[in-house]
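Quick look at protein.cif (mmCIF, C-alpha atoms and all ligand atoms):
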data_model
loop_
_atom_site.label_atom_id
_atom_site.label_comp_id
_atom_site.auth_asym_id
_atom_site.auth_seq_id
_atom_site.Cartn_x
_atom_site.Cartn_y
_atom_site.Cartn_z
CA MET L 1 179.06 -7.31 -20.56
CA ALA L 2 180.84 -6.70 -23.85
CA ASN L 3 181.40 -10.35 -24.74
CA ASP L 4 178.05 -11.62 -23.55
CA PRO L 5 176.02 -13.44 -26.21
CA ARG L 6 173.09 -11.56 -27.76
CA PRO L 7 170.11 -12.19 -25.47
CA LEU L 8 167.14 -14.31 -26.50
CA VAL L 9 163.60 -13.85 -25.22
CA ALA L 10 161.58 -16.93 -26.14
CA GLY L 11 157.89 -17.48 -25.49
CA ASN L 12 156.65 -20.99 -24.75
CA TRP L 13 152.93 -21.00 -25.41
CA LYS L 14 152.54 -24.54 -24.03
CA MET L 15 149.07 -25.99 -24.83
CA ASN L 16 147.54 -22.61 -25.59
CA GLY L 17 146.52 -20.93 -28.81
CA LEU L 18 144.16 -21.41 -31.73
CA ARG L 19 144.53 -20.10 -35.28
CA GLY L 20 143.10 -16.72 -34.24
CA SER L 21 145.99 -16.24 -31.80
CA ILE L 22 148.18 -15.34 -34.75
CA SER L 23 147.10 -11.74 -34.10
CA GLU L 24 149.46 -11.72 -31.08
CA LEU L 25 152.34 -12.86 -33.28
CA GLU L 26 151.43 -10.22 -35.85
CA ALA L 27 151.55 -7.54 -33.16
CA ILE L 28 155.04 -8.68 -32.13
CA ILE L 29 156.18 -8.71 -35.76
CA ALA L 30 154.85 -5.18 -36.31
CA ASP L 31 156.71 -3.95 -33.24
CA ALA L 32 159.91 -5.71 -34.24
CA GLN L 33 159.73 -4.06 -37.70
CA ALA L 34 159.19 -0.64 -36.19
CA ARG L 35 162.26 -0.58 -33.91
CA PRO L 36 165.46 -2.54 -33.61
CA TRP L 37 165.40 -4.83 -30.56
CA PRO L 38 168.83 -5.53 -29.04
CA VAL L 39 167.61 -9.05 -28.39
CA ASP L 40 166.52 -12.07 -30.43
CA LEU L 41 162.83 -12.89 -30.20
CA MET L 42 161.21 -16.33 -30.57
CA ILE L 43 157.72 -17.74 -30.13
CA CYS L 44 157.19 -21.49 -29.62
CA PRO L 45 153.48 -22.11 -30.33
CA PRO L 46 151.82 -25.54 -30.12
CA ALA L 47 152.74 -27.86 -33.02
CA THR L 48 149.43 -27.16 -34.76
CA LEU L 49 150.45 -23.54 -35.28
CA VAL L 50 154.14 -23.88 -36.17
CA CYS L 51 153.57 -23.87 -39.93
CA ALA L 52 151.21 -20.88 -39.98
CA PHE L 53 153.37 -18.92 -37.54
CA ALA L 54 156.52 -19.64 -39.53
CA LYS L 55 154.80 -18.39 -42.70
CA ALA L 56 153.65 -15.22 -40.94
CA ALA L 57 157.13 -14.64 -39.50
CA ALA L 58 159.02 -15.24 -42.76
CA GLY L 59 161.38 -12.31 -43.28
CA ALA L 60 160.47 -10.82 -39.89
CA LYS L 61 162.81 -10.42 -36.93
CA ILE L 62 161.30 -13.23 -34.91
CA ALA L 63 162.05 -16.94 -34.94
CA ILE L 64 159.50 -19.73 -34.53
CA GLY L 65 160.28 -22.72 -32.36
CA ALA L 66 158.46 -25.86 -31.26
CA GLN L 67 157.94 -27.38 -27.81
CA ASP L 68 159.06 -31.00 -28.16
CA CYS L 69 160.26 -33.52 -30.73
CA HIS L 70 160.74 -37.26 -31.06
CA ALA L 71 164.31 -38.58 -31.22
CA GLU L 72 163.74 -40.60 -34.41
CA VAL L 73 163.49 -39.16 -37.93
CA SER L 74 160.24 -41.01 -38.76
CA GLY L 75 158.40 -44.26 -38.01
CA ALA L 76 155.54 -45.89 -36.16
CA PHE L 77 155.23 -43.41 -33.31
CA THR L 78 151.58 -42.36 -33.30
CA GLY L 79 151.06 -38.79 -32.23
CA ASP L 80 154.74 -37.90 -32.22
CA ILE L 81 156.52 -35.31 -34.35
CA SER L 82 160.15 -35.52 -35.46
CA ALA L 83 162.65 -32.69 -35.47
CA GLU L 84 162.82 -33.02 -39.27
CA MET L 85 159.05 -32.44 -39.48
CA LEU L 86 159.35 -29.32 -37.33
CA LYS L 87 162.16 -28.03 -39.51
CA ASP L 88 160.02 -28.75 -42.56
CA ALA L 89 157.14 -26.80 -40.97
CA GLY L 90 159.39 -23.76 -40.58
CA ALA L 91 160.70 -24.04 -37.01
CA SER L 92 164.30 -23.08 -36.30
CA ALA L 93 164.42 -24.34 -32.71
CA VAL L 94 162.74 -26.78 -30.36
CA ILE L 95 162.41 -26.91 -26.59
CA VAL L 96 163.42 -30.28 -25.14
CA GLY L 97 163.24 -31.59 -21.59
CA HIS L 98 160.78 -29.04 -20.27
CA SER L 99 159.86 -30.02 -16.71
CA GLU L 100 156.24 -30.55 -17.82
CA ARG L 101 157.50 -33.18 -20.31
CA ARG L 102 159.77 -34.70 -17.66
CA THR L 103 156.89 -34.84 -15.13
CA TYR L 104 153.84 -35.74 -17.25
CA HIS L 105 155.59 -37.83 -19.90
CA GLY L 106 158.31 -39.44 -17.81
CA GLU L 107 161.14 -38.01 -19.86
CA THR L 108 164.57 -38.89 -18.49
CA ASP L 109 167.90 -37.13 -19.05
CA ASP L 110 168.79 -39.84 -21.59
CA MET L 111 165.61 -39.16 -23.57
CA VAL L 112 166.20 -35.41 -23.43
CA LYS L 113 169.75 -35.88 -24.70
CA ALA L 114 168.48 -38.00 -27.61
CA LYS L 115 165.92 -35.30 -28.46
CA ALA L 116 168.55 -32.54 -28.28
CA LYS L 117 170.77 -34.53 -30.65
CA ALA L 118 167.79 -35.12 -32.96
CA ALA L 119 167.11 -31.38 -33.01
CA ASN L 120 170.71 -30.66 -34.01
CA ARG L 121 170.63 -33.46 -36.60
CA ALA L 122 167.63 -31.75 -38.22
CA GLY L 123 169.31 -28.34 -38.15
CA LEU L 124 167.31 -26.99 -35.22
CA THR L 125 168.60 -25.24 -32.12
CA ALA L 126 167.87 -27.34 -29.04
CA ILE L 127 166.61 -25.36 -26.05
CA VAL L 128 167.41 -27.80 -23.25
CA CYS L 129 165.49 -27.21 -20.01
CA ILE L 130 166.79 -28.10 -16.57
CA GLY L 131 165.73 -27.15 -13.04
CA GLU L 132 165.26 -28.37 -9.52
CA THR L 133 162.04 -29.14 -7.66
CA TYR L 134 160.98 -27.34 -4.50
CA GLU L 135 161.98 -30.37 -2.40
CA GLU L 136 165.43 -30.44 -3.98
CA ARG L 137 165.93 -26.74 -3.29
CA GLU L 138 164.78 -27.16 0.33
CA ALA L 139 167.19 -30.07 0.73
CA GLY L 140 170.10 -27.95 -0.54
CA ALA L 141 170.38 -30.20 -3.60
CA THR L 142 169.85 -27.56 -6.31
CA ILE L 143 173.40 -27.47 -7.65
CA SER L 144 173.88 -31.24 -7.62
CA ARG L 145 170.55 -31.66 -9.45
CA ILE L 146 171.58 -29.10 -12.08
CA GLU L 147 174.98 -30.76 -12.54
CA ARG L 148 173.34 -34.18 -12.97
CA GLN L 149 170.86 -32.85 -15.53
CA LEU L 150 173.63 -31.11 -17.47
CA ALA L 151 175.78 -34.23 -17.48
CA GLY L 152 172.85 -36.35 -18.68
CA SER L 153 170.86 -34.11 -21.02
CA LEU L 154 173.36 -32.34 -23.27
CA PRO L 155 174.74 -33.60 -26.59
CA GLU L 156 178.42 -34.58 -26.50
CA THR L 157 179.26 -31.82 -28.97
CA ILE L 158 178.01 -28.37 -28.14
CA ASP L 159 177.79 -25.31 -30.32
CA ALA L 160 176.55 -21.84 -29.41
CA VAL L 161 174.23 -21.68 -32.44
CA LYS L 162 172.69 -25.11 -31.93
CA LEU L 163 172.28 -25.09 -28.14
CA VAL L 164 170.46 -22.91 -25.62
CA ILE L 165 170.06 -23.87 -21.96
CA ALA L 166 166.96 -22.82 -20.04
CA TYR L 167 167.20 -22.90 -16.25
CA GLU L 168 163.66 -23.23 -14.95
CA PRO L 169 163.20 -24.02 -11.27
CA VAL L 170 160.13 -26.28 -11.31
CA TRP L 171 158.63 -24.51 -8.28
CA ALA L 172 158.82 -21.14 -10.05
CA ILE L 173 156.88 -22.19 -13.14
CA GLY L 174 153.45 -20.59 -13.27
CA THR L 175 153.47 -19.87 -9.52
CA GLY L 176 154.46 -16.21 -9.40
CA LEU L 177 157.48 -17.24 -7.30
CA THR L 178 161.04 -16.58 -8.44
CA PRO L 179 164.44 -17.35 -6.93
CA THR L 180 166.48 -14.40 -5.67
CA PRO L 181 168.90 -12.88 -8.19
CA LYS L 182 171.73 -14.32 -6.07
CA ASP L 183 170.28 -17.84 -6.35
CA VAL L 184 169.80 -17.44 -10.11
CA GLU L 185 173.39 -16.20 -10.40
CA GLN L 186 174.74 -19.24 -8.56
CA VAL L 187 172.90 -21.70 -10.84
CA HIS L 188 173.75 -19.85 -14.06
CA GLN L 189 177.40 -19.72 -13.01
CA THR L 190 177.33 -23.49 -12.46
CA ILE L 191 175.82 -23.97 -15.93
CA ARG L 192 178.39 -21.68 -17.53
CA LYS L 193 181.27 -23.56 -15.87
CA HIS L 194 179.86 -26.85 -17.14
CA LEU L 195 179.53 -25.49 -20.69
CA VAL L 196 183.09 -24.16 -20.66
CA SER L 197 184.36 -27.51 -19.37
CA LEU L 198 182.66 -29.17 -22.37
CA ASP L 199 183.98 -26.71 -24.93
CA LYS L 200 186.33 -23.82 -24.22
CA SER L 201 185.42 -21.94 -27.37
CA SER L 202 181.62 -22.41 -27.56
CA GLY L 203 180.95 -22.72 -23.81
CA PRO L 204 181.25 -18.99 -23.03
CA THR L 205 178.72 -18.00 -25.72
CA VAL L 206 175.96 -20.61 -25.36
CA ARG L 207 172.92 -18.67 -24.18
CA ILE L 208 171.57 -19.53 -20.75
CA LEU L 209 167.96 -18.41 -20.28
CA TYR L 210 166.11 -18.05 -17.02
CA GLY L 211 162.48 -19.25 -16.95
CA GLY L 212 159.81 -19.34 -14.26
CA SER L 213 157.26 -16.57 -13.60
CA VAL L 214 159.11 -13.96 -15.69
CA LYS L 215 156.88 -10.90 -16.12
CA PRO L 216 157.40 -7.34 -17.37
CA SER L 217 157.62 -6.26 -13.71
CA ASN L 218 160.53 -8.54 -12.73
CA ALA L 219 162.31 -9.00 -16.08
CA LYS L 220 164.80 -6.17 -15.67
CA GLU L 221 166.09 -7.47 -12.34
CA LEU L 222 166.33 -11.09 -13.52
CA MET L 223 167.89 -10.25 -16.90
CA ALA L 224 170.60 -8.16 -15.18
CA VAL L 225 171.97 -11.22 -13.35
CA PRO L 226 175.41 -12.31 -14.64
CA ASN L 227 175.19 -15.19 -17.14
CA VAL L 228 171.47 -14.69 -17.70
CA ASN L 229 171.26 -14.29 -21.46
CA GLY L 230 167.52 -13.97 -21.83
CA ALA L 231 164.29 -15.61 -20.74
CA LEU L 232 162.05 -18.54 -21.51
CA VAL L 233 158.60 -17.18 -20.79
CA GLY L 234 155.39 -19.14 -20.35
CA GLY L 235 152.16 -17.38 -19.34
CA ALA L 236 153.37 -13.86 -20.00
CA SER L 237 154.31 -14.73 -23.59
CA LEU L 238 150.69 -15.27 -24.60
CA THR L 239 150.07 -11.60 -25.24
CA ALA L 240 152.25 -9.36 -27.40
CA LYS L 241 152.02 -6.64 -24.76
CA ASP L 242 153.55 -8.70 -21.92
CA PHE L 243 156.02 -10.52 -24.16
CA LEU L 244 157.36 -7.23 -25.51
CA GLY L 245 157.23 -5.80 -21.99
CA ILE L 246 159.72 -8.51 -21.00
CA ALA L 247 161.94 -7.94 -24.03
CA ALA L 248 161.93 -4.26 -23.05
CA ALA L 249 164.16 -5.21 -20.11
CA TYR L 250 166.92 -4.99 -22.73
CA ALA L 251 165.73 -1.79 -24.40
O1 LIG O 301 158.73 -22.57 -20.51
C1 LIG O 301 158.33 -21.68 -19.77
C2 LIG O 301 158.27 -21.88 -18.34
O2 LIG O 301 157.72 -23.08 -17.99
C3 LIG O 301 157.83 -20.71 -17.53
O3 LIG O 301 156.44 -20.61 -17.43
P1 LIG O 301 155.81 -19.32 -16.69
O4 LIG O 301 156.48 -18.12 -17.27
O5 LIG O 301 154.36 -19.39 -16.98
O6 LIG O 301 156.16 -19.48 -15.24
#
Please express what this file holds, its structure, as structure tokens.
Amino acid sequence: MANDPRPLVAGNWKMNGLRGSISELEAIIADAQARPWPVDLMICPPATLVCAFAKAAAGAKIAIGAQDCHAEVSGAFTGDISAEMLKDAGASAVIVGHSERRTYHGETDDMVKAKAKAANRAGLTAIVCIGETYEEREAGATISRIERQLAGSLPETIDAVKLVIAYEPVWAIGTGLTPTPKDVEQVHQTIRKHLVSLDKSSGPTVRILYGGSVKPSNAKELMAVPNVNGALVGGASLTAKDFLGIAAAYA
């Protein structure tokens, strides 16, 4: 629709990619130079590659994001990386609260909120992930779960430049399963209502991405759902061909 925010297709490489994988980024950059995409593009490589990817993408029409950050600026937190460090490495965004972080690292809504605020403090866009489990969906608890996560995980002050929401049903991640467009619409509408209730002026334009088994073959249908403003893509973002095949849903 006319007032919809510009879509964003973001690739989350998770724990995949070595230095040689930069060839995939280079292929995306070459494509993005050759034709104007009506969509913002972003790749979130593992932390080891953020600096090199940001250098390669300098001046190109693709942003580089990271996959997690610590809530503090610096300190005795072995193995952790702050939002300020990611900014310094060239990232412009960071994913927080991905279900894999929530599951394998015990991240709570409170922790995710602190990370989202840290991202904004450092000048990064926070891509806040939420989503229900299979059991919650089966129990009819999807909407209440989403509302709880929104209430607990978002910064008090929201801004359409600094915040992106990614709805990722846990059961759809990496499984090849996706919710029906009607189910996606219901959740995205709930998220939009929550955002508008937080801020009448920014709420309508915060981008809400869908994530979970997005592929070139299903992207068009999913991206056409009202209030779906792009995708957060895992597996299919690892090759330029599939990633651009998804972005082509907007071509
Ligand atoms: O962050 C991305 C999501 O977890 C989706 O992963 P997937 O596209 O491999 O299902």
Can you tell me, as a VMD selection string, what residues are no more than 7 Å from region 132-139 of chain L when counting all atoms listed in the file, ignoring any on the same chain fewer than 3 positions away?
chain L and resid 142 145 to 146 169 to 171
For Leu124 (chain L), please output as a ChimeraX atom specification all residues within 7 Å (counting all atoms listed in the file; exclusion window: fewer than 6 positions along the same chain).
/L:87,92-94,162
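Between CA of Ser21 (chain L) and CA of Pro45 (chain L) the interatomic distance comes to 9.6 Å.
For ligand LIG 301 (chain O), the protein and nucleic acid residues at most 8 Å away, judged by all atoms listed in the file, amount to Gly11, Asn12, Trp13, Lys14, His98, Ser99, Glu100, Glu168, Val170, Ala172, Ile173, Gly174, Thr175, Gly176, Gly211, Gly212, Ser213, Val214, Lys215, Leu232, Val233, Gly234, Gly235, Ala236 and Ser237 of chain L.
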Applying 9 Å and all atoms listed in the file, which residues near region 70-75 of chain L remain after dropping the ones on its own chain fewer than 4 positions away? List them as a list of chain:residue names.
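The contact residues come out as L:Asp80, L:Ile81, L:Ser82, L:Ala83, L:Glu84, L:Met85, L:Met111, L:Val112, L:Lys113, L:Ala114, L:Lys115, L:Ala116, L:Lys117, L:Ala118, L:Ala119, L:Ala122.
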Quick one: of L:Ile64, L:Leu49, L:Ile165, L:Ile191, who's nearest to Arg148 (chain L), counting only C-alpha atoms?
L:Ile191
Measuring atom to atom with all atoms listed in the file, identify which of L:Ser217, L:Thr103, L:Ser197, L:Thr108 is nearest to Gly152 (chain L).
L:Thr108
Gap from CA of Thr205 (chain L) to CA of Leu177 (chain L) - Å, one decimal:
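CA of Leu177 (chain L) lies at a distance of 28.1 Å from CA of Thr205 (chain L).
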May I ask which of the residues L:Ala231, L:Ala57, L:Leu198, L:Asp110 is the closest one to Tyr167 (chain L), counting only C-alpha atoms?
L:Ala231
For Asp109 (chain L), which residue among L:Ala166, L:Ala58, L:Ile95, L:Leu150 is the nearest when counting only C-alpha atoms?
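Closest to Asp109 (chain L), using only C-alpha atoms: L:Leu150.
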Which polymer residues, whether protein, DNA or RNA, lie within 12 Å of the coordinate (155.9, -18.8, -40.0) when you count only C-alpha atoms? List them as a PDB file with C-alpha atoms, in the frame of the given file, using the chain letters and numbers from the file.
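Result file part_30.pdb:
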ATOM      1  CA  ILE L  22     148.180 -15.340 -34.750  1.00  0.00           C
ATOM      2  CA  LEU L  25     152.340 -12.860 -33.280  1.00  0.00           C
ATOM      3  CA  GLU L  26     151.430 -10.220 -35.850  1.00  0.00           C
ATOM      4  CA  ILE L  29     156.180  -8.710 -35.760  1.00  0.00           C
ATOM      5  CA  MET L  42     161.210 -16.330 -30.570  1.00  0.00           C
ATOM      6  CA  ILE L  43     157.720 -17.740 -30.130  1.00  0.00           C
ATOM      7  CA  CYS L  44     157.190 -21.490 -29.620  1.00  0.00           C
ATOM      8  CA  PRO L  45     153.480 -22.110 -30.330  1.00  0.00           C
ATOM      9  CA  ALA L  47     152.740 -27.860 -33.020  1.00  0.00           C
ATOM     10  CA  THR L  48     149.430 -27.160 -34.760  1.00  0.00           C
ATOM     11  CA  LEU L  49     150.450 -23.540 -35.280  1.00  0.00           C
ATOM     12  CA  VAL L  50     154.140 -23.880 -36.170  1.00  0.00           C
ATOM     13  CA  CYS L  51     153.570 -23.870 -39.930  1.00  0.00           C
ATOM     14  CA  ALA L  52     151.210 -20.880 -39.980  1.00  0.00           C
ATOM     15  CA  PHE L  53     153.370 -18.920 -37.540  1.00  0.00           C
ATOM     16  CA  ALA L  54     156.520 -19.640 -39.530  1.00  0.00           C
ATOM     17  CA  LYS L  55     154.800 -18.390 -42.700  1.00  0.00           C
ATOM     18  CA  ALA L  56     153.650 -15.220 -40.940  1.00  0.00           C
ATOM     19  CA  ALA L  57     157.130 -14.640 -39.500  1.00  0.00           C
ATOM     20  CA  ALA L  58     159.020 -15.240 -42.760  1.00  0.00           C
ATOM     21  CA  GLY L  59     161.380 -12.310 -43.280  1.00  0.00           C
ATOM     22  CA  ALA L  60     160.470 -10.820 -39.890  1.00  0.00           C
ATOM     23  CA  LYS L  61     162.810 -10.420 -36.930  1.00  0.00           C
ATOM     24  CA  ILE L  62     161.300 -13.230 -34.910  1.00  0.00           C
ATOM     25  CA  ALA L  63     162.050 -16.940 -34.940  1.00  0.00           C
ATOM     26  CA  ILE L  64     159.500 -19.730 -34.530  1.00  0.00           C
ATOM     27  CA  GLY L  65     160.280 -22.720 -32.360  1.00  0.00           C
ATOM     28  CA  ALA L  66     158.460 -25.860 -31.260  1.00  0.00           C
ATOM     29  CA  LEU L  86     159.350 -29.320 -37.330  1.00  0.00           C
ATOM     30  CA  LYS L  87     162.160 -28.030 -39.510  1.00  0.00           C
ATOM     31  CA  ASP L  88     160.020 -28.750 -42.560  1.00  0.00           C
ATOM     32  CA  ALA L  89     157.140 -26.800 -40.970  1.00  0.00           C
ATOM     33  CA  GLY L  90     159.390 -23.760 -40.580  1.00  0.00           C
ATOM     34  CA  ALA L  91     160.700 -24.040 -37.010  1.00  0.00           C
ATOM     35  CA  SER L  92     164.300 -23.080 -36.300  1.00  0.00           C
TER      36      SER L  92
END
Taking into account all atoms listed in the file, which residue in the set L:Lys182, L:Val96, L:Ile208, L:Gly140 is nearest to Pro155 (chain L)?
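The shortest atom-to-atom distance to Pro155 (chain L) comes from L:Val96.
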I need region 153-168 of chain L written out with N, CA and C atoms, as a PDB file, in the first residue's frame; please produce it.
ATOM      1  N   SER L 153       9.887  -7.118  25.461  1.00  0.00           N
ATOM      2  CA  SER L 153      11.160  -7.078  24.724  1.00  0.00           C
ATOM      3  C   SER L 153      11.474  -5.747  24.047  1.00  0.00           C
ATOM      4  N   LEU L 154      10.481  -4.859  23.942  1.00  0.00           N
ATOM      5  CA  LEU L 154      10.734  -3.623  23.189  1.00  0.00           C
ATOM      6  C   LEU L 154      11.199  -2.478  24.089  1.00  0.00           C
ATOM      7  N   PRO L 155      12.055  -1.608  23.553  1.00  0.00           N
ATOM      8  CA  PRO L 155      12.438  -0.405  24.313  1.00  0.00           C
ATOM      9  C   PRO L 155      11.200   0.451  24.569  1.00  0.00           C
ATOM     10  N   GLU L 156      11.249   1.286  25.599  1.00  0.00           N
ATOM     11  CA  GLU L 156      10.093   2.132  25.936  1.00  0.00           C
ATOM     12  C   GLU L 156       9.827   3.134  24.815  1.00  0.00           C
ATOM     13  N   THR L 157      10.914   3.617  24.204  1.00  0.00           N
ATOM     14  CA  THR L 157      10.758   4.597  23.125  1.00  0.00           C
ATOM     15  C   THR L 157      11.039   3.904  21.800  1.00  0.00           C
ATOM     16  N   ILE L 158      10.085   3.971  20.899  1.00  0.00           N
ATOM     17  CA  ILE L 158      10.316   3.315  19.610  1.00  0.00           C
ATOM     18  C   ILE L 158      10.434   4.343  18.498  1.00  0.00           C
ATOM     19  N   ASP L 159      11.109   3.929  17.444  1.00  0.00           N
ATOM     20  CA  ASP L 159      11.416   4.831  16.351  1.00  0.00           C
ATOM     21  C   ASP L 159      11.578   3.949  15.109  1.00  0.00           C
ATOM     22  N   ALA L 160      10.942   4.362  14.016  1.00  0.00           N
ATOM     23  CA  ALA L 160      10.902   3.506  12.828  1.00  0.00           C
ATOM     24  C   ALA L 160      12.268   3.275  12.193  1.00  0.00           C
ATOM     25  N   VAL L 161      13.251   4.127  12.511  1.00  0.00           N
ATOM     26  CA  VAL L 161      14.593   3.925  11.948  1.00  0.00           C
ATOM     27  C   VAL L 161      15.375   2.959  12.837  1.00  0.00           C
ATOM     28  N   LYS L 162      15.119   3.036  14.130  1.00  0.00           N
ATOM     29  CA  LYS L 162      15.940   2.277  15.086  1.00  0.00           C
ATOM     30  C   LYS L 162      15.365   0.907  15.453  1.00  0.00           C
ATOM     31  N   LEU L 163      14.140   0.627  14.992  1.00  0.00           N
ATOM     32  CA  LEU L 163      13.500  -0.629  15.388  1.00  0.00           C
ATOM     33  C   LEU L 163      12.906  -1.356  14.194  1.00  0.00           C
ATOM     34  N   VAL L 164      13.138  -2.657  14.149  1.00  0.00           N
ATOM     35  CA  VAL L 164      12.487  -3.560  13.199  1.00  0.00           C
ATOM     36  C   VAL L 164      12.006  -4.737  14.046  1.00  0.00           C
ATOM     37  N   ILE L 165      10.810  -5.232  13.761  1.00  0.00           N
ATOM     38  CA  ILE L 165      10.327  -6.434  14.458  1.00  0.00           C
ATOM     39  C   ILE L 165      10.405  -7.595  13.469  1.00  0.00           C
ATOM     40  N   ALA L 166      10.862  -8.744  13.935  1.00  0.00           N
ATOM     41  CA  ALA L 166      10.823  -9.936  13.085  1.00  0.00           C
ATOM     42  C   ALA L 166       9.936 -10.974  13.765  1.00  0.00           C
ATOM     43  N   TYR L 167       8.832 -11.309  13.098  1.00  0.00           N
ATOM     44  CA  TYR L 167       7.971 -12.385  13.609  1.00  0.00           C
ATOM     45  C   TYR L 167       8.466 -13.699  13.025  1.00  0.00           C
ATOM     46  N   GLU L 168       8.951 -14.565  13.885  1.00  0.00           N
ATOM     47  CA  GLU L 168       9.478 -15.856  13.445  1.00  0.00           C
ATOM     48  C   GLU L 168       8.876 -16.966  14.298  1.00  0.00           C
TER      49      GLU L 168
END
